[in-house]
Structures are given as structure tokens and as C-alpha cells.
Number of protein chains: 2
Amino acid sequence: MSNCIVGIDLGGTNLKAGIVDTGGRILHRLSIKTNSSADPQTISNQILELIAETIRSAQIKESDVAGIGLGSPGLVDKTGETILFSPNLPRWRNIPIKRIVSERFSKPCVLENDANAAAWGEKWVGAGKEAKSLVMLTLGTGVGGGIVIDNKLWRGANNVAAEIGHMVIQTDGPPCKCGNRGCVEVYASATGMVRRFKELFDSGAPSSLKNSGEITARMINDAAIQGDKVSLDVIEETGRYLGIALINIMHVLNPEMIVLAGGMIGSGELLMNPISVLPRKGHLRHHIRIRRLCFRSLGTMRGL
Amino acid sequence: MSNCIVGIDLGGTNLKAGIVDTGGRILHRLSIKTNSSADPQTISNQILELIAETIRSAQIKESDVAGIGLGSPGLVDKTGETILFSPNLPRWRNIPIKRIVSERFSKPCVLENDANAAAWGEKWVGAGKEAKSLVMLTLGTGVGGGIVIDNKLWRGANNVAAEIGHMVIQTDGPPCKCGNRGCVEVYASATGMVRRFKELFDSGAPSSLKNSGEITARMINDAAIQGDKVSLDVIEETGRYLGIALINIMHVLNPEMIVLAGGMIGSGELLMNPISVLPRKGHLRHHIRIRRLCFRSLGTMRGL
């Protein structure tokens with residue numbers, strides 16, 4: 001009986017695979033480094049090999065697999081066939097990955113934006129199981145989003161909705177890769193945290209990280225836990241900006257629940273406390289319900 | 001045969017009434033000044049009298065009226081029975097206006113937030129007739145919003161969605177009545193235009209309006225048409241901030257259409273040109289579709 005589904009999370013850093021049963025339980029996981037600078041053909045082959053290897057290492061048969069789900073950052077075309085553009089895989093453009101995977105394994109295949117898939121996963125079997133509407137934010141290198149309204153994923157008229165990371169919260173803020181200024185992602189992503197740390201550091205603020213070479217969000221987080229003042233300030237500021245993003249989501253969509261996930265959530269209360277300050281002071285404070293997920297590398301899987 | 005509907009737009013300045021047929025055509029209009037500082041009982045009576053007078057002056061019978069629609073600014077409770085709070089009618093709190101109207105006329109009555117009603121009106125018989133999703137912005141003393149998704153009005157989990165005017169676009173901006181800072185309404189409302197004009201004027205910018213006493217958005221608009229530099233700058237700045245609001249709506253919801261309406265739209269191209277600049281430069285430029293409505297005092301009616 002075909003009662004397993006293979007899910008692939010196509011990330012710029014890692015290609016993650018998982019096998020879930022029809023109830024959404026994760027049975028098996030596998031992760032490899034993405035060869036992100038490779039040509040599309042090479043990455044496609046990497047994906048095909050990863051799927052085969054995941055099935056092998058889970059000790060199931062290909063005939064046990066009912067279908068394959070692919071979550072990709074960036075824009076997926078309206079028909080759900082092709083990745084149009086993925087910011088973290090710059091050479092990956094107009095690739096009909098759904099057809100490639102579907103033909104190789106002779107299985108139905110679904111291609112979805114990764115944050116949409118994650119939102120749907122939380123709606124299906126996760127934090128938002130009982131919510132009719134939710135907004136999911138995935139906080140990592142960038143800030144992704146997914147929207148569920150009336151028990152359905154809302155992809156937008158052109159499949160580009162839920163780009164919460166590119167909501168402008170500071171009109172004259174620093175430039176964003178998208179062409180605008182002061183987007184949520186500029187402040188509230190791992191990349192934004194590193195940028196802000198460097199700004200403060202270059203302006204002479206003393207930090208225990210000063211001799212550590214290449215700075216990462218994880219290093220800032222670890223230093224903050226050790227009490228490093230600049231790192232604490234950066235996380236607090238990141239949280240405040242995220243709070244503004246949540247206020248805007250509340251005002252525009254008033255979802256039953258906002259779900260926060262992604263690597264940055266590892267900062268725990270250091271980040272969560274400042275996130276909550278502004279939304280809980282506002283006039284919609286009675287209506288805001290925030291759920292924090294621990295980092296779940298297979299969050300996306302469950303949505304596919 | 002009951003084939004008429006009475007619609008009431010409960011505004012802080014005017015109480016507007018209209019009669020529409022079942023196809024949404026406006027057959028008759030009437031408007032009176034709102035006694036906004038009066039007690040709820042007096043305003044309720046004003047509404048009841050306006051409905052009766054509208055029916056009389058349209059030369060129809062009460063039995064021709066199938067139902068009555070009420071559009072109110074502010075918060076309507078989840079059951080659609082009561083106006084909880086209306087910023088422009090400060091004494092108007094927790095009034096079960098739906099029941100009051102329904103009982104007096106023995107007709108079914110619908111109570112809806114005014115911008116939601118306007119959005120639904122445009123979806124029903126207006127600019128958005130063929131759009132499956134749209135966001136409506138009503139630009140006046142404040143900035144209201146309404147959202148249609150998948151051919152349905154989206155009111156949010158607690159009936160407070162589409163408060164586009166309270167989306168923060170400048171985290172450290174001027175304070176807003178809602179308790180946050182830098183909301184769309186602070187910049188892109190008639191009130192915001194007057195505030196900004198006064199700021200520039202007080203900083204010494206010369207304007208032809210200097211001896212005109214109490215400044216209104218209409219005066220700024222008229223002065224701009226005559227070439228007054230400060231007034232032109234204020235309208236241009238207002239337009240740019242509105243452009244940011246549209247970018248955010250695009251990124252969060254990606255509706256098929258954004259409809260702009262309300263008194264401020266009277267500024268015409270002076271306002272519309274700067275509104276379009278930023279959205280049309282961004283990476284979603286191919287997806288943005290803006291419809292500008294002339295000011296239609298009975299926009300709300302048609303949504304009820």
C-alpha cells in the first residue's frame with residue numbers, strides 16, 4: 001500500500017528530505033549540503049538522488065510512496081510546475097522541477113513555495129490545527145511567509161502573496177535586495193542581525209565577538225546568552241522590528257494565529273520578549289495570539 | 001414587491017442615505033449633518049428619521065423596502081449586531097443599532113464596517129466586479145480598508161481585519177491615535193496632510209495659504225492646483241507614503257486589484273502620480289493593478 005509521502009525542502013544551504021505518513025507523522029529524515037553554485041542540471045540530479053537515497057535509507061520501497069512534495073524558496077509559477085526564481089539559488093531559473101521529479105519516479109508531485117508549504121503543514125498537523133486562519137513566518141537567512149484563510153492556503157492572484165519579509169516597516173530604512181527600503185527582512189532576518197551587529201561594532205561598540213572573524217547570527221545569539229551587550233542589543237532590536245511586523249499582520253489580516261518558526265527562533269526568550277512588547281501594548285492586544293515553534297527542520301515536509 | 005434596499009452611511013460628519021435596487025443601481029440619495037456630539041439615543045433617532053425620510057422623499061412605500069444596510073466606521077462586533085466603538089462618534093459605544101433599526105421598520109438589517117461594505121459594493125457592482133480578490137482603501141479623514149478574498153469579504157478572526165490605515169510604515173514616525181507610531185493613516189489621510197502642511201509651514205516654508213486660518217485637506221489641494229509649492233510637496237509626500245502602503249498590500253495579499261476611493265482621490269493626478277512611482281519600480285510591478293474611483297458618496301450604500 002502506498003502510504004508514505006516524500007518531502008523535499010530545497011534550501012540554499014541544505015537539501016532536506018523526509019518521509020511522512022498520511023497522518024503527517026515524520027518517519028525518516030535526511031539532509032545534504034546544497035551545491036548552490038552548480039548549474040540547474042546538477043542540482044536537479046542532486047534532488048533526484050536525494051529522493052532515491054531517502055527511500056533506500058528509510059528501508060521502504062518506491063511503491064510505498066504515494067507522492068512527492070517539493071518546497072522551494074522564491075517564486076513558483078501559477079500552475080505549480082516551475083520554479084521561476086529562487087534568491088538563494090541564483091542559477092536556478094525557470095526549472096520545471098515538478099515534471100522532472102514526477103517523470104523520474106512516476107509519482108504525483110506537488111511544488112510549492114517553502115513558506116506556504118510550512119504554513120499548510122502547521123495547519124494540517126501542527127500548531128495551527130484548530131485555527132481557521134493563520135499567518136506563518138519563517139525566520140532564517142530571509143523572512144518567508146504563508147497565509148491560511150478560511151482553512152485554505154492563500155497564494156495571491158499571481159502566486160506571490162505572503163511575502164511578509166518584504167513588507168516595508170521603515171520607509172527610509174536600509175536598502176533591501178528586493179529594490180525597496182526598510183523591509184522586514186532587512187531587520188528581522190539572520191542576515192539583518194549580522195548587518196546590524198557589524199554596524200554597531202564598526203561604530204566602536206565593544207563586543208566579546210570582536211576577534212571572531214566572520215560573524216553569524218548563531219554567534220551573535222551565543223554571545224548574547226553569555227551577556228555580550230551589543231549582541232543583546234541586536235537581538236532586542238530584531239525582536240522589536242518583528243513585533244511591528246506582527247502588528248501589521250494583525251491589522252491587515254487579523255488571523256486567528258501567528259506562527260513563528262525558523263532558525264532564529266532558537267534565540268528563545270531573548271527574541272520572544274521584545275517581539276511581544278509592542279503588539280501587547282496596542283489596541284488589538286486582546287486579539288493577538290502568537291505561537292512559537294521550536295526549530296523544526298522538517299516543518300516544510302509536513303506541508304507537502 | 002419589495003425590490004429596494006435602504007443603505008445608511010454613518011459618518012462622523014454626515015449621515016448619508018441611499019436607495020438601491022436589487023441590481024445595485026442607486027435610485028435616490030439623501031444626506032444630513034451628523035449630530036456627532038449627541039448621546040447615542042439622539043443619534044439612533046436621527047438614523048431612524050433619516051431612513052423614514054429617505055423612503056418618503058423617494059416616493060416609495062415602506063413595503064417596497066426589502067432590507068436596510070448600515071455602514072459604520074469603527075469596530076462592529078463579531079455577530080454583526082452592535083457598534084462597539086467608532087472613533088468619529090466618541091459617545092457611540094456598544095449600541096445595538098441593528099436591532100433598533102430592524103425592530104422599528106420590521107425589516108432585515110445588516111450592520112457592517114463602512115470600508116468592508118464599500119469593498120463589497122465594489123466587488124458586487126463596481127470597479128472590482130470581475131476580480132476574485134481585491135483590497136479597497138477609503139482615503140478620507142482616516143484610512144479605512146476592506147478585503148475580498150476568493151469572492152468573499154475577509155473580516156478576520158475577530159472582525160478587525162483590513163485596518164490598512166494602522167499598518168506601520170515608519171517605525172519611528174509620528175504617533176497615531178491607535179497607540180503605535182508611523183501608521184499609514186498618520187501620513188496618508190486628510191488629517192495627516194494637514195499635520196504635515198502645518199509642520200512645513202511652522203518651519204518657515206512660504207505658502208499662499210498662510211493667512212487662511214483653519215487649514216483643511218481641500219484647501220491644500222486647491223492651493224496645490226494653483227501651484228503652491230508647500231501644498232504640492234505635501235500631496236507628493238502623501239502619495240509616496242500611500243505607494244508604500246500599496247507595496248505592502250501587494251506583498252502580503254497580492255490581490256487581483258487595489259481600489260482607491262474617498263475624498264482624497266479628488267486630488268487626481270497630483271496624488272495618483274506619486275502613489276504609483278514606488279510600486280511600479282518594484283519587483284512586483286507586473287502584478288500591481290490599481291483602480292482609482294472618483295469620490296462616490298454612496299460607495300458604501302452599494303455594499304450593503
# chains A, B, ... in the order shown; residues from 1 in each chain; ligands from 1

$ interface_residues --of "chain A" --to "chain B" --cutoff "6 Å" --atoms "only C-alpha atoms" --output "ChimeraX atom specification"
/A:156-157,161-164,167-171,179,248,251-256,282

$ atom_distance --atom1 "atom CA of Val194 of chain B" --atom2 "atom CA of Thr141 of chain B"
10.2 Å

$ select_by_dssp --residues "segment 182-230 of chain B" --states "helix (DSSP H, G or I)" --output "compact mmCIF listing (two decimals) with N, CA and C atoms, in the first residue's frame"
# COMPACT_ATOMS: atom_id res chain seq x y z
N VAL B 184 0.00 54.18 8.43
CA VAL B 184 -0.39 54.74 7.13
C VAL B 184 -1.26 55.98 7.33
N GLU B 185 -2.20 55.88 8.26
CA GLU B 185 -3.16 56.97 8.49
C GLU B 185 -2.50 58.28 8.92
N VAL B 186 -1.38 58.16 9.62
CA VAL B 186 -0.65 59.35 10.08
C VAL B 186 -0.15 60.17 8.87
N TYR B 187 0.16 59.45 7.78
CA TYR B 187 0.71 60.12 6.60
C TYR B 187 -0.33 60.34 5.50
N ALA B 188 -1.18 59.34 5.30
CA ALA B 188 -1.91 59.28 4.03
C ALA B 188 -3.40 59.56 4.19
N ALA B 190 -6.48 62.71 5.16
CA ALA B 190 -6.68 64.16 5.11
C ALA B 190 -6.06 64.81 6.36
N THR B 191 -6.28 64.18 7.51
CA THR B 191 -5.71 64.68 8.77
C THR B 191 -4.18 64.73 8.69
N GLY B 192 -3.61 63.66 8.14
CA GLY B 192 -2.15 63.58 8.01
C GLY B 192 -1.61 64.67 7.10
N MET B 193 -2.35 64.96 6.03
CA MET B 193 -1.92 66.01 5.10
C MET B 193 -1.89 67.37 5.81
N VAL B 194 -2.91 67.62 6.61
CA VAL B 194 -2.98 68.90 7.33
C VAL B 194 -1.83 68.99 8.34
N ARG B 195 -1.59 67.87 9.06
CA ARG B 195 -0.49 67.85 10.05
C ARG B 195 0.84 68.19 9.36
N ARG B 196 1.08 67.54 8.22
CA ARG B 196 2.34 67.73 7.52
C ARG B 196 2.46 69.15 6.98
N PHE B 197 1.35 69.68 6.49
CA PHE B 197 1.34 71.06 5.99
C PHE B 197 1.75 72.01 7.11
N LYS B 198 1.14 71.81 8.28
CA LYS B 198 1.44 72.70 9.41
C LYS B 198 2.90 72.60 9.83
N GLU B 199 3.42 71.37 9.80
CA GLU B 199 4.84 71.16 10.13
C GLU B 199 5.74 71.98 9.22
N LEU B 200 5.49 71.86 7.91
CA LEU B 200 6.31 72.58 6.93
C LEU B 200 6.12 74.08 7.08
N PHE B 201 4.88 74.48 7.29
CA PHE B 201 4.55 75.90 7.42
C PHE B 201 5.24 76.49 8.65
N ASP B 202 5.16 75.74 9.78
CA ASP B 202 5.78 76.23 11.02
C ASP B 202 7.30 76.30 10.90
N ALA B 217 -7.69 69.69 4.17
CA ALA B 217 -7.06 68.97 3.06
C ALA B 217 -7.54 69.56 1.72
N ARG B 218 -8.81 69.95 1.69
CA ARG B 218 -9.33 70.53 0.44
C ARG B 218 -8.61 71.84 0.09
N MET B 219 -8.33 72.65 1.12
CA MET B 219 -7.61 73.90 0.87
C MET B 219 -6.19 73.61 0.36
N ILE B 220 -5.56 72.60 0.93
CA ILE B 220 -4.21 72.23 0.47
C ILE B 220 -4.27 71.80 -0.99
N ASN B 221 -5.29 71.02 -1.29
CA ASN B 221 -5.48 70.54 -2.65
C ASN B 221 -5.69 71.70 -3.62
N ASP B 222 -6.58 72.62 -3.25
CA ASP B 222 -6.86 73.76 -4.13
C ASP B 222 -5.61 74.62 -4.32
N ALA B 223 -4.86 74.82 -3.21
CA ALA B 223 -3.63 75.62 -3.31
C ALA B 223 -2.61 74.94 -4.22
N ALA B 224 -2.55 73.60 -4.11
CA ALA B 224 -1.60 72.84 -4.95
C ALA B 224 -1.93 73.03 -6.42
N ILE B 225 -3.22 72.98 -6.74
CA ILE B 225 -3.65 73.16 -8.14
C ILE B 225 -3.23 74.55 -8.65
N LYS B 229 3.82 75.71 -3.66
CA LYS B 229 4.90 74.72 -3.56
C LYS B 229 4.73 73.80 -2.34
N VAL B 230 4.46 74.38 -1.16
CA VAL B 230 4.33 73.56 0.05
C VAL B 230 3.18 72.57 -0.11

$ residues_around --residues "segment 262-267 of chain B" --least-positions-apart "4" --cutoff "6 Å" --atoms "only C-alpha atoms" --output "short mmCIF file (atom, residue, chain, number, x, y, z; two decimals) with C-alpha atoms, in the first residue's frame"
data_model
loop_
_atom_site.label_atom_id
_atom_site.label_comp_id
_atom_site.auth_asym_id
_atom_site.auth_seq_id
_atom_site.Cartn_x
_atom_site.Cartn_y
_atom_site.Cartn_z
CA THR B 138 -11.01 54.58 1.64
CA LEU B 139 -8.92 57.73 1.92
CA GLY B 140 -10.60 60.42 3.96
CA LEU B 271 -1.84 62.35 -5.77
CA PHE B 295 -15.38 60.13 -4.96
#

$ select_by_dssp --residues "segment 9-217 of chain B" --states "strand (DSSP E or B)" --output "PyMOL selection string"
chain B and resi 9-10+14-21+26-33+65-72+75-76+83-85+93-95+109-113+134-139+143-149+152-153+168+170+175+181+183

$ residues_around --residues "segment 70-72 of chain B" --least-positions-apart "2" --cutoff "7 Å" --atoms "only C-alpha atoms" --output "list in words"
Gly7, Ile8, Asp9, Leu10, Gly11, Ile68, Gly74, Val110, Leu111, Glu112, Asn113, Asp114, Ala117, Thr300 and Leu304 of chain B

$ write_last_selection --atoms "C-alpha atoms" --output "compact mmCIF listing (two decimals), in the first residue's frame"
# COMPACT_ATOMS: atom_id res chain seq x y z
CA GLY B 7 -28.40 51.96 2.81
CA ILE B 8 -27.08 54.24 5.53
CA ASP B 9 -23.51 55.50 5.77
CA LEU B 10 -22.98 56.53 9.37
CA GLY B 11 -20.20 59.13 9.20
CA ILE B 68 -31.76 48.04 5.42
CA GLY B 74 -15.02 51.60 13.73
CA VAL B 110 -27.26 44.26 8.10
CA LEU B 111 -24.60 46.14 10.07
CA GLU B 112 -21.09 46.25 8.59
CA ASN B 113 -17.88 48.23 8.96
CA ASP B 114 -18.12 51.02 6.34
CA ALA B 117 -19.21 47.50 2.95
CA THR B 300 -20.86 52.40 0.92
CA LEU B 304 -24.99 46.89 1.94

$ decode --residues "segment 123-158 of chain A" --atoms "N, CA and C atoms" --output "compact mmCIF listing (two decimals), in the first residue's frame"
# COMPACT_ATOMS: atom_id res chain seq x y z
N LYS A 123 -1.00 24.04 9.63
CA LYS A 123 -2.47 23.96 9.60
C LYS A 123 -2.92 22.49 9.61
N TRP A 124 -2.21 21.67 8.87
CA TRP A 124 -2.61 20.27 8.73
C TRP A 124 -2.41 19.49 10.04
N VAL A 125 -1.19 19.53 10.56
CA VAL A 125 -0.89 18.67 11.71
C VAL A 125 -0.09 19.38 12.80
N GLY A 126 0.03 20.71 12.71
CA GLY A 126 0.93 21.38 13.64
C GLY A 126 0.23 22.36 14.57
N ALA A 127 0.93 23.48 14.81
CA ALA A 127 0.46 24.47 15.79
C ALA A 127 -0.92 25.04 15.45
N GLY A 128 -1.24 25.07 14.16
CA GLY A 128 -2.47 25.74 13.75
C GLY A 128 -3.60 24.79 13.39
N LYS A 129 -3.53 23.57 13.91
CA LYS A 129 -4.50 22.54 13.53
C LYS A 129 -5.94 23.02 13.70
N GLU A 130 -6.16 23.77 14.79
CA GLU A 130 -7.55 24.15 15.05
C GLU A 130 -7.88 25.57 14.59
N ALA A 131 -6.90 26.24 13.96
CA ALA A 131 -7.13 27.62 13.52
C ALA A 131 -7.69 27.62 12.10
N LYS A 132 -8.72 28.43 11.88
CA LYS A 132 -9.26 28.54 10.52
C LYS A 132 -8.41 29.49 9.68
N SER A 133 -7.69 30.39 10.37
CA SER A 133 -6.81 31.31 9.66
C SER A 133 -5.51 31.43 10.44
N LEU A 134 -4.40 31.49 9.73
CA LEU A 134 -3.12 31.71 10.39
C LEU A 134 -2.15 32.34 9.41
N VAL A 135 -1.17 33.03 9.99
CA VAL A 135 -0.05 33.53 9.19
C VAL A 135 1.20 32.92 9.79
N MET A 136 2.02 32.35 8.93
CA MET A 136 3.26 31.72 9.37
C MET A 136 4.43 32.58 8.93
N LEU A 137 5.36 32.81 9.83
CA LEU A 137 6.60 33.49 9.46
C LEU A 137 7.77 32.53 9.65
N THR A 138 8.58 32.38 8.61
CA THR A 138 9.78 31.56 8.74
C THR A 138 10.97 32.50 8.80
N LEU A 139 11.61 32.51 9.97
CA LEU A 139 12.68 33.46 10.24
C LEU A 139 14.02 32.77 10.10
N GLY A 140 14.72 33.05 9.03
CA GLY A 140 16.02 32.44 8.81
C GLY A 140 16.91 33.43 8.09
N THR A 141 17.67 32.93 7.11
CA THR A 141 18.51 33.82 6.29
C THR A 141 17.64 34.95 5.74
N GLY A 142 16.45 34.60 5.28
CA GLY A 142 15.44 35.59 4.88
C GLY A 142 14.22 35.41 5.74
N VAL A 143 13.17 36.17 5.45
CA VAL A 143 11.91 36.02 6.18
C VAL A 143 10.82 35.62 5.17
N GLY A 144 10.32 34.40 5.33
CA GLY A 144 9.27 33.92 4.44
C GLY A 144 7.93 33.97 5.14
N GLY A 145 6.87 33.79 4.38
CA GLY A 145 5.55 33.80 4.99
C GLY A 145 4.58 32.91 4.26
N GLY A 146 3.58 32.47 4.98
CA GLY A 146 2.50 31.69 4.39
C GLY A 146 1.20 32.11 5.07
N ILE A 147 0.11 32.12 4.29
CA ILE A 147 -1.17 32.59 4.81
C ILE A 147 -2.25 31.53 4.60
N VAL A 148 -2.94 31.19 5.68
CA VAL A 148 -4.12 30.33 5.57
C VAL A 148 -5.34 31.17 5.95
N ILE A 149 -6.30 31.23 5.05
CA ILE A 149 -7.54 31.97 5.31
C ILE A 149 -8.71 31.04 5.04
N ASP A 150 -9.61 31.00 5.99
CA ASP A 150 -10.80 30.16 5.80
C ASP A 150 -10.41 28.72 5.45
N ASN A 151 -9.43 28.20 6.18
CA ASN A 151 -8.96 26.82 6.00
C ASN A 151 -8.31 26.53 4.65
N LYS A 152 -7.95 27.60 3.92
CA LYS A 152 -7.29 27.38 2.63
C LYS A 152 -6.03 28.22 2.54
N LEU A 153 -5.03 27.69 1.85
CA LEU A 153 -3.82 28.46 1.59
C LEU A 153 -4.17 29.60 0.64
N TRP A 154 -3.77 30.83 1.00
CA TRP A 154 -3.98 31.97 0.10
C TRP A 154 -2.65 32.31 -0.56
N ARG A 155 -2.59 32.04 -1.86
CA ARG A 155 -1.33 32.24 -2.61
C ARG A 155 -1.31 33.59 -3.32
N GLY A 156 -2.43 34.27 -3.37
CA GLY A 156 -2.49 35.54 -4.08
C GLY A 156 -2.90 35.35 -5.53
N ALA A 157 -3.25 36.48 -6.15
CA ALA A 157 -3.74 36.44 -7.53
C ALA A 157 -2.66 35.99 -8.49
N ASN A 158 -1.39 36.28 -8.16
CA ASN A 158 -0.28 35.90 -9.04
C ASN A 158 0.70 34.98 -8.34
